[in-house]
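Visitor: The structure file input-v2.txt (compact mmCIF, C-alpha atoms (C1' of nucleotides)) is provided below.
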```
# COMPACT_ATOMS: atom_id res chain seq x y z
CA MET K 1 -18.02 9.91 -26.11
CA LYS K 2 -18.09 6.35 -27.29
CA SER K 3 -17.05 3.72 -24.83
CA TYR K 4 -13.88 1.83 -25.58
CA GLY K 5 -15.95 -1.33 -25.83
CA GLU K 6 -18.03 -0.13 -28.71
CA TYR K 7 -14.88 1.01 -30.40
CA ILE K 8 -13.06 -2.30 -30.35
CA LYS K 9 -16.24 -4.10 -31.21
CA ALA K 10 -16.61 -1.93 -34.28
CA LEU K 11 -13.02 -2.68 -35.18
CA ARG K 12 -13.58 -6.40 -34.97
CA GLU K 13 -16.76 -6.30 -36.98
CA SER K 14 -15.24 -4.11 -39.62
CA LYS K 15 -12.73 -6.86 -40.18
CA GLY K 16 -15.43 -9.50 -40.29
CA LEU K 17 -13.97 -11.46 -37.42
CA THR K 18 -15.82 -13.46 -34.78
CA LEU K 19 -14.90 -13.45 -31.12
CA ARG K 20 -13.40 -16.87 -31.57
CA ASP K 21 -11.37 -15.74 -34.53
CA VAL K 22 -9.84 -13.09 -32.35
CA GLU K 23 -9.37 -15.57 -29.56
CA ARG K 24 -7.32 -17.80 -31.84
CA GLN K 25 -5.12 -15.02 -33.10
CA THR K 26 -4.54 -13.17 -29.88
CA GLU K 27 -4.77 -15.90 -27.22
CA VAL K 28 -7.35 -13.85 -25.41
CA SER K 29 -10.43 -15.80 -24.37
CA ASN K 30 -13.65 -15.06 -26.19
CA ALA K 31 -15.34 -14.72 -22.84
CA TYR K 32 -13.05 -11.92 -21.91
CA LEU K 33 -13.30 -10.32 -25.32
CA SER K 34 -17.02 -10.20 -24.91
CA GLN K 35 -16.64 -8.43 -21.60
CA LEU K 36 -14.24 -6.00 -23.14
CA GLU K 37 -16.64 -5.12 -25.92
CA SER K 38 -19.33 -4.27 -23.44
CA SER K 39 -16.87 -2.23 -21.38
CA LYS K 40 -17.34 -4.43 -18.36
CA ILE K 41 -13.64 -4.37 -17.64
CA LYS K 42 -12.52 -1.09 -16.21
CA GLN K 43 -8.78 -1.52 -16.56
CA PRO K 44 -7.76 -4.08 -19.14
CA SER K 45 -4.03 -4.67 -19.08
CA PRO K 46 -1.80 -2.94 -21.59
CA THR K 47 -0.74 -6.34 -22.81
CA MET K 48 -4.28 -7.16 -23.85
CA LEU K 49 -4.69 -3.82 -25.52
CA TYR K 50 -1.48 -4.32 -27.38
CA LYS K 51 -2.56 -7.63 -28.79
CA LEU K 52 -5.80 -6.15 -30.01
CA ALA K 53 -4.10 -3.10 -31.44
CA GLU K 54 -1.78 -5.32 -33.40
CA LEU K 55 -4.53 -7.48 -34.79
CA TYR K 56 -6.86 -4.64 -35.63
CA GLY K 57 -4.15 -2.46 -37.03
CA VAL K 58 -4.67 0.52 -34.79
CA LYS K 59 -2.17 2.33 -32.69
CA TYR K 60 -1.59 0.93 -29.25
CA GLU K 61 -1.71 4.42 -27.77
CA VAL K 62 -5.16 4.96 -29.16
CA LEU K 63 -6.55 2.01 -27.26
CA MET K 64 -4.71 3.05 -24.14
CA GLU K 65 -6.27 6.43 -24.36
CA LYS K 66 -9.74 5.08 -25.07
CA VAL K 67 -9.55 2.98 -21.95
CA GLY K 68 -8.52 5.97 -19.93
CA TYR K 69 -4.89 5.32 -19.25
CA PRO K 70 -2.40 8.12 -19.34
CA VAL K 71 -0.68 8.16 -22.69
CA PRO K 72 3.00 8.94 -23.22
CA GLN K 73 2.77 11.56 -25.92
CA ALA K 74 -0.30 13.35 -24.65
CA THR K 75 -1.96 13.22 -28.01
CA THR K 76 -4.52 15.43 -26.48
CA SER K 77 -3.49 19.00 -26.79
CA VAL K 78 -0.46 20.77 -25.57
CA LYS K 79 1.90 19.12 -23.29
CA SER K 80 4.60 21.18 -21.79
CA ARG K 81 7.71 19.35 -22.73
CA LYS K 82 9.26 20.51 -19.57
CA SER K 83 10.18 17.14 -18.22
CA GLU K 84 12.57 16.07 -20.88
CA GLU K 85 14.35 13.12 -19.65
CA THR K 86 17.81 13.96 -18.74
CA VAL K 87 19.54 12.47 -15.83
CA LEU K 88 19.94 15.90 -14.37
CA HIS K 89 16.26 16.56 -14.43
CA ARG K 90 15.50 13.34 -12.74
CA VAL K 91 17.50 13.99 -9.70
CA GLY K 92 16.58 17.59 -9.36
CA VAL K 93 18.84 20.55 -9.14
CA ILE K 94 22.47 19.69 -8.93
CA SER K 95 25.11 21.99 -7.65
CA LYS K 96 28.34 22.57 -9.50
CA GLU K 97 30.22 20.54 -6.97
CA GLU K 98 27.85 17.67 -7.24
CA GLU K 99 28.00 17.83 -10.97
CA MET K 100 31.76 17.67 -10.96
CA GLU K 101 31.74 14.81 -8.57
CA LEU K 102 29.21 12.89 -10.59
CA LEU K 103 31.31 13.35 -13.67
CA GLU K 104 34.34 12.11 -11.85
CA TYR K 105 32.44 9.13 -10.70
CA LEU K 106 31.13 8.37 -14.14
CA LYS K 107 34.65 8.47 -15.46
CA PHE K 108 35.69 6.12 -12.70
CA MET K 109 32.80 3.80 -13.45
CA ARG K 110 33.70 3.57 -17.08
CA GLY K 111 37.34 3.05 -16.49
CA ARG K 112 36.62 0.34 -14.01
CA ARG K 113 34.23 -1.54 -16.22
CA LYS K 114 35.97 -2.05 -19.28
CA MET W 1 18.69 -6.95 -15.54
CA LYS W 2 17.73 -4.94 -12.53
CA SER W 3 14.18 -5.33 -11.39
CA TYR W 4 11.81 -2.44 -11.81
CA GLY W 5 11.46 -2.31 -8.04
CA GLU W 6 15.06 -1.51 -7.39
CA TYR W 7 14.87 1.13 -10.04
CA ILE W 8 11.97 3.07 -8.59
CA LYS W 9 13.39 2.63 -5.13
CA ALA W 10 16.65 4.21 -6.28
CA LEU W 11 14.66 7.04 -7.80
CA ARG W 12 12.83 7.72 -4.57
CA GLU W 13 15.94 7.59 -2.46
CA SER W 14 17.87 9.80 -4.79
CA LYS W 15 15.24 12.43 -4.12
CA GLY W 16 15.45 11.88 -0.41
CA LEU W 17 11.80 10.98 -0.07
CA THR W 18 10.22 8.53 2.35
CA LEU W 19 7.48 6.11 1.40
CA ARG W 20 5.02 8.31 3.22
CA ASP W 21 6.20 11.39 1.41
CA VAL W 22 5.42 9.67 -1.84
CA GLU W 23 2.12 8.46 -0.47
CA ARG W 24 1.09 12.03 0.28
CA GLN W 25 2.06 13.33 -3.10
CA THR W 26 0.75 10.52 -5.25
CA GLU W 27 -2.19 9.16 -3.23
CA VAL W 28 -0.67 5.71 -3.46
CA SER W 29 -0.49 3.85 -0.16
CA ASN W 30 2.92 3.41 1.40
CA ALA W 31 2.15 -0.26 1.81
CA TYR W 32 1.71 -0.64 -1.89
CA LEU W 33 4.75 1.42 -2.66
CA SER W 34 6.78 -0.90 -0.51
CA GLN W 35 5.48 -3.87 -2.46
CA LEU W 36 6.30 -2.14 -5.70
CA GLU W 37 9.86 -1.47 -4.64
CA SER W 38 10.40 -5.12 -3.92
CA SER W 39 8.82 -6.07 -7.24
CA LYS W 40 6.07 -8.03 -5.54
CA ILE W 41 3.49 -6.66 -7.91
CA LYS W 42 3.70 -8.23 -11.32
CA GLN W 43 1.54 -5.81 -13.26
CA PRO W 44 1.11 -2.45 -11.58
CA SER W 45 -1.44 -0.34 -13.38
CA PRO W 46 -0.30 2.31 -15.83
CA THR W 47 -2.05 4.87 -13.69
CA MET W 48 0.23 4.07 -10.77
CA LEU W 49 3.28 4.14 -12.97
CA TYR W 50 2.25 7.47 -14.34
CA LYS W 51 1.95 9.03 -10.92
CA LEU W 52 5.39 7.83 -10.00
CA ALA W 53 6.88 8.92 -13.28
CA GLU W 54 5.51 12.40 -12.75
CA LEU W 55 6.79 12.69 -9.23
CA TYR W 56 10.20 11.26 -9.96
CA GLY W 57 10.64 13.13 -13.20
CA VAL W 58 11.10 10.06 -15.32
CA LYS W 59 9.40 9.30 -18.57
CA TYR W 60 6.26 7.27 -18.22
CA GLU W 61 7.37 4.95 -21.02
CA VAL W 62 10.51 4.07 -19.16
CA LEU W 63 8.57 2.74 -16.21
CA MET W 64 6.18 0.93 -18.51
CA GLU W 65 9.09 -0.75 -20.15
CA LYS W 66 10.77 -1.63 -16.89
CA VAL W 67 7.62 -3.33 -15.73
CA GLY W 68 7.40 -5.31 -18.93
CA TYR W 69 4.51 -3.69 -20.73
CA PRO W 70 4.63 -3.15 -24.45
CA VAL W 71 5.74 0.36 -25.18
CA PRO W 72 4.61 2.34 -28.21
CA GLN W 73 8.03 2.93 -29.62
CA ALA W 74 9.75 -0.25 -28.49
CA THR W 75 12.70 1.64 -27.23
CA THR W 76 14.94 -1.02 -25.88
CA SER W 77 17.68 -0.55 -23.37
CA VAL W 78 20.37 1.91 -24.17
CA LYS W 79 18.58 4.39 -26.36
CA SER W 80 20.59 7.45 -27.09
CA ARG W 81 18.79 10.33 -25.62
CA LYS W 82 18.37 13.43 -27.61
CA SER W 83 21.43 15.46 -27.00
CA GLU W 84 20.42 17.83 -24.34
CA GLU W 85 22.99 20.27 -23.33
CA THR W 86 23.62 18.82 -19.95
CA VAL W 87 27.01 18.07 -18.68
CA LEU W 88 26.27 14.42 -18.41
CA HIS W 89 25.34 14.26 -22.02
CA ARG W 90 28.57 15.78 -23.02
CA VAL W 91 30.18 12.75 -21.57
CA GLY W 92 28.27 10.58 -23.94
CA VAL W 93 25.32 8.29 -23.91
CA ILE W 94 24.46 6.92 -20.54
CA SER W 95 23.24 3.38 -20.26
CA LYS W 96 20.54 2.30 -17.87
CA GLU W 97 23.03 0.53 -15.71
CA GLU W 98 25.23 3.53 -15.49
CA GLU W 99 22.27 5.70 -14.73
CA MET W 100 21.27 3.40 -11.91
CA GLU W 101 24.70 3.56 -10.47
CA LEU W 102 24.89 7.31 -10.78
CA LEU W 103 21.65 7.63 -8.89
CA GLU W 104 23.06 5.43 -6.18
CA TYR W 105 26.16 7.50 -6.00
CA LEU W 106 24.28 10.75 -5.87
CA LYS W 107 22.29 9.40 -2.97
CA PHE W 108 25.48 8.51 -1.23
CA MET W 109 26.96 11.94 -1.94
CA ARG W 110 24.03 13.74 -0.52
CA GLY W 111 23.76 11.59 2.54
CA ARG W 112 27.41 12.12 3.22
CA ARG W 113 27.22 15.89 3.07
CA LYS W 114 24.86 16.49 5.82
C1' DC V 1 -37.56 -30.13 -40.62
C1' DA V 2 -34.05 -32.54 -37.52
C1' DC V 3 -29.35 -32.13 -36.33
C1' DT V 4 -24.88 -30.10 -35.86
C1' DT V 5 -21.94 -26.14 -35.62
C1' DT V 6 -21.08 -21.51 -34.72
C1' DT V 7 -21.87 -17.37 -32.28
C1' DG V 8 -22.08 -14.15 -28.39
C1' DC V 9 -22.70 -14.26 -23.75
C1' DT V 10 -23.05 -15.35 -18.44
C1' DT V 11 -21.50 -17.67 -14.49
C1' DG V 12 -18.39 -19.29 -11.35
C1' DC V 13 -13.48 -19.35 -9.93
C1' DA V 14 -8.40 -18.57 -9.27
C1' DA V 15 -5.08 -15.02 -9.26
C1' DT V 16 -3.65 -10.62 -8.03
C1' DA V 17 -3.87 -5.38 -7.56
C1' DC V 18 -4.40 -2.17 -4.02
C1' DT V 19 -5.98 -0.65 0.70
C1' DT V 20 -6.37 -0.22 5.88
C1' DA V 21 -4.49 -1.53 10.13
C1' DG V 22 -0.88 -2.54 12.65
C1' DC V 23 3.88 -4.21 13.87
C1' DA V 24 9.11 -3.83 15.08
C1' DA V 25 12.96 -1.02 14.51
C1' DT V 26 15.05 3.33 14.40
C1' DG V 27 15.37 8.15 15.48
C1' DC V 28 14.27 12.37 18.06
C1' DT V 29 13.38 15.25 22.27
C1' DC V 30 13.51 16.09 27.05
C1' DG Q 1 16.96 6.58 29.44
C1' DA Q 2 11.71 7.24 28.87
C1' DG Q 3 8.34 8.67 25.73
C1' DC Q 4 6.80 9.79 21.23
C1' DA Q 5 7.09 10.13 16.14
C1' DT Q 6 8.77 8.22 11.86
C1' DT Q 7 10.36 4.61 9.06
C1' DG Q 8 9.71 0.41 6.10
C1' DC Q 9 7.22 -3.59 6.05
C1' DT Q 10 3.68 -7.48 6.49
C1' DA Q 11 -0.95 -9.39 7.08
C1' DA Q 12 -5.57 -9.44 6.08
C1' DG Q 13 -9.35 -7.76 3.52
C1' DT Q 14 -11.86 -6.10 -0.81
C1' DA Q 15 -12.32 -5.67 -5.54
C1' DT Q 16 -11.19 -6.67 -10.22
C1' DT Q 17 -8.81 -9.12 -13.96
C1' DG Q 18 -8.86 -12.88 -16.99
C1' DC Q 19 -10.13 -17.79 -17.85
C1' DA Q 20 -12.78 -22.42 -18.46
C1' DA Q 21 -17.10 -24.19 -18.91
C1' DG Q 22 -21.33 -24.07 -20.44
C1' DC Q 23 -25.84 -22.06 -22.29
C1' DA Q 24 -29.41 -20.27 -25.67
C1' DA Q 25 -30.04 -18.33 -30.03
C1' DA Q 26 -28.70 -18.20 -34.73
C1' DA Q 27 -26.87 -20.26 -38.78
C1' DG Q 28 -25.56 -23.90 -41.70
C1' DT Q 29 -26.32 -28.76 -43.73
C1' DG Q 30 -28.71 -32.82 -45.04
```
I'd like the structure from this file rewritten - as structure tokens, please.
Guide:
Amino acid sequence: MKSYGEYIKALRESKGLTLRDVERQTEVSNAYLSQLESSKIKQPSPTMLYKLAELYGVKYEVLMEKVGYPVPQATTSVKSRKSEETVLHRVGVISKEEEMELLEYLKFMRGRRK
Amino acid sequence: MKSYGEYIKALRESKGLTLRDVERQTEVSNAYLSQLESSKIKQPSPTMLYKLAELYGVKYEVLMEKVGYPVPQATTSVKSRKSEETVLHRVGVISKEEEMELLEYLKFMRGRRK
DNA sequence: CACTTTTGCTTGCAATACTTAGCAATGCTC
DNA sequence: GAGCATTGCTAAGTATTGCAAGCAAAAGTG
């Protein structure tokens, strides 16, 4: 498996850009870019990856994955979509009584706010 | 806008977990968790956020966004969730603020009952 | 060839993520 | 109430991110 460094280096070169070109357009120092391309940085920040993704025209998630971060939509294989985000799922099982009470409270909240 | 710290703190408390409970289940030190909950860490790593998202049953992207990282699908604020057939959804779209408050209230409800 | 500019890279250095150790306050058990 | 465990938190330490400065090799330019 290719290191993420080789990957982003290939991207840059395919666009015919120098490290300093990229520095100008992304505000990331050429020194740091160089370290990135040789995979010397273990955990580059998402912000950095985003800037590069934008400039190179690749998906942000792809870089995230290359670096080894967990990626939202597990592009890799099957992800059980079990944890759909619903408020109910977040707080765990809710009894009927609790549910009723929460609904009451939500109603109250909304009435109050307006 | 509520800080990300308050948000994840509310999540933990709504589940009735202590910092050391979370430490055991996520391998993240309770000291660090405490710092996270008071937003003392400016850029917590995606890996950390992922662990918390898993444990708390929240979408990874939501935490990423709260922290201020770019998110693949720039889903800002309200975001209508896909209509799940949960009671809360029947009531309509729930904003982040409302969600926060509901979590608080659920915590209160549960504490009261025992 | 001289001389300048451009290129990728390395070397400190400040900032900060994350941990281990330990504290004060609260809660439990007898 | 004494003794012990649990709670959240801070302090101090280590490691890593990201930058500014500067270097040697390569590439113009005359």
Visitor: Write down, as a PDB file with C-alpha atoms, in the frame of the given file, each residue of chain W that has any atom within 9 Å of an atom of chain V, counting only C-alpha atoms (C1' of nucleotides).
Guide:
```pdb
ATOM      1  CA  VAL W  28      -0.670   5.710  -3.460  1.00  0.00           C
ATOM      2  CA  SER W  29      -0.490   3.850  -0.160  1.00  0.00           C
ATOM      3  CA  ALA W  31       2.150  -0.260   1.810  1.00  0.00           C
ATOM      4  CA  TYR W  32       1.710  -0.640  -1.890  1.00  0.00           C
ATOM      5  CA  ILE W  41       3.490  -6.660  -7.910  1.00  0.00           C
ATOM      6  CA  LYS W  42       3.700  -8.230 -11.320  1.00  0.00           C
ATOM      7  CA  GLN W  43       1.540  -5.810 -13.260  1.00  0.00           C
ATOM      8  CA  PRO W  44       1.110  -2.450 -11.580  1.00  0.00           C
ATOM      9  CA  SER W  45      -1.440  -0.340 -13.380  1.00  0.00           C
TER      10      SER W  45
END
```
Visitor: What is the distance between CA of Leu19 in chain W and CA of Gly5 in chain W, in Å to one decimal?
Guide: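 Taking CA of Leu19 in chain W as the start and CA of Gly5 in chain W as the end point, the length is 13.3 Å.
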Visitor: Do you have, as a tab-separated table, the list of residues of chain Q lying at most 9 Å from chain K, each with its nearest atom pair and that distance in Å to one decimal, counting all atoms listed in the file and ordered by chain then number?
Guide:
```
residue	atom	partner	partner_atom	distance
Q:DT16	C1'	K:Ile41	CA	8.1
Q:DT17	C1'	K:Pro44	CA	7.3
Q:DG18	C1'	K:Tyr32	CA	6.5
Q:DC19	C1'	K:Ser29	CA	6.8
```
Visitor: Restricting it to C-alpha atoms (C1' of nucleotides), dump the selection as a short mmCIF file (atom, residue, chain, number, x, y, z; two decimals), in the frame of the given file.
Guide:
```cif
data_model
loop_
_atom_site.label_atom_id
_atom_site.label_comp_id
_atom_site.auth_asym_id
_atom_site.auth_seq_id
_atom_site.Cartn_x
_atom_site.Cartn_y
_atom_site.Cartn_z
"C1'" DT Q 16 -11.19 -6.67 -10.22
"C1'" DT Q 17 -8.81 -9.12 -13.96
"C1'" DG Q 18 -8.86 -12.88 -16.99
"C1'" DC Q 19 -10.13 -17.79 -17.85
#
```
Visitor: Provide the CA of Glu61 in chain K to CA of Tyr56 in chain W distance in Å, to one decimal place.
Guide: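 The value is 22.5 Å.
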Visitor: Out of K:Gly16, K:Tyr69, K:Leu11, K:Ser39, which residue has the shortest atom-to-atom distance to Ala53 in chain K when counting all atoms listed in the file?
Guide: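 Between K:Gly16, K:Tyr69, K:Leu11, K:Ser39, the residue approaching Ala53 in chain K most closely is K:Leu11.
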Visitor: Using Å and a single decimal, report how far CA of Pro46 in chain W sits from CA of Glu65 in chain W.
Guide: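 That distance, rounded to one decimal, is 10.8 Å.
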Visitor: Counting all atoms listed in the file, figure out which residue out of K:Leu52, K:Glu13, K:Gly57, K:Thr47 gets nearest to chain W.
Guide: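 That would be K:Thr47, the residue with the smallest distance to chain W.
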Visitor: Between W:Ser14, W:Gln35, W:Glu23, W:Ser3, which is the closest to chain K once you count only C-alpha atoms?
Guide: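 Nearest to chain K: W:Ser14.
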Visitor: With 5 Å added on each side, what axis-aligned box encloses every listed atom of range 7-25 of chain V? Give the centre and edge lengths in Å to one decimal, as lines of an AutoDock Vina configuration file.
Guide:
```
center_x = -5.0
center_y = -9.8
center_z = -8.6
size_x = 46.0
size_y = 29.1
size_z = 57.4
```
Visitor: Which one is closest to chain K: W:Ala10, W:Tyr4, W:Ser34, W:Asp21? Count all atoms listed in the file.
Guide: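 Answer, going by the shortest atom-to-atom distance: W:Ala10.
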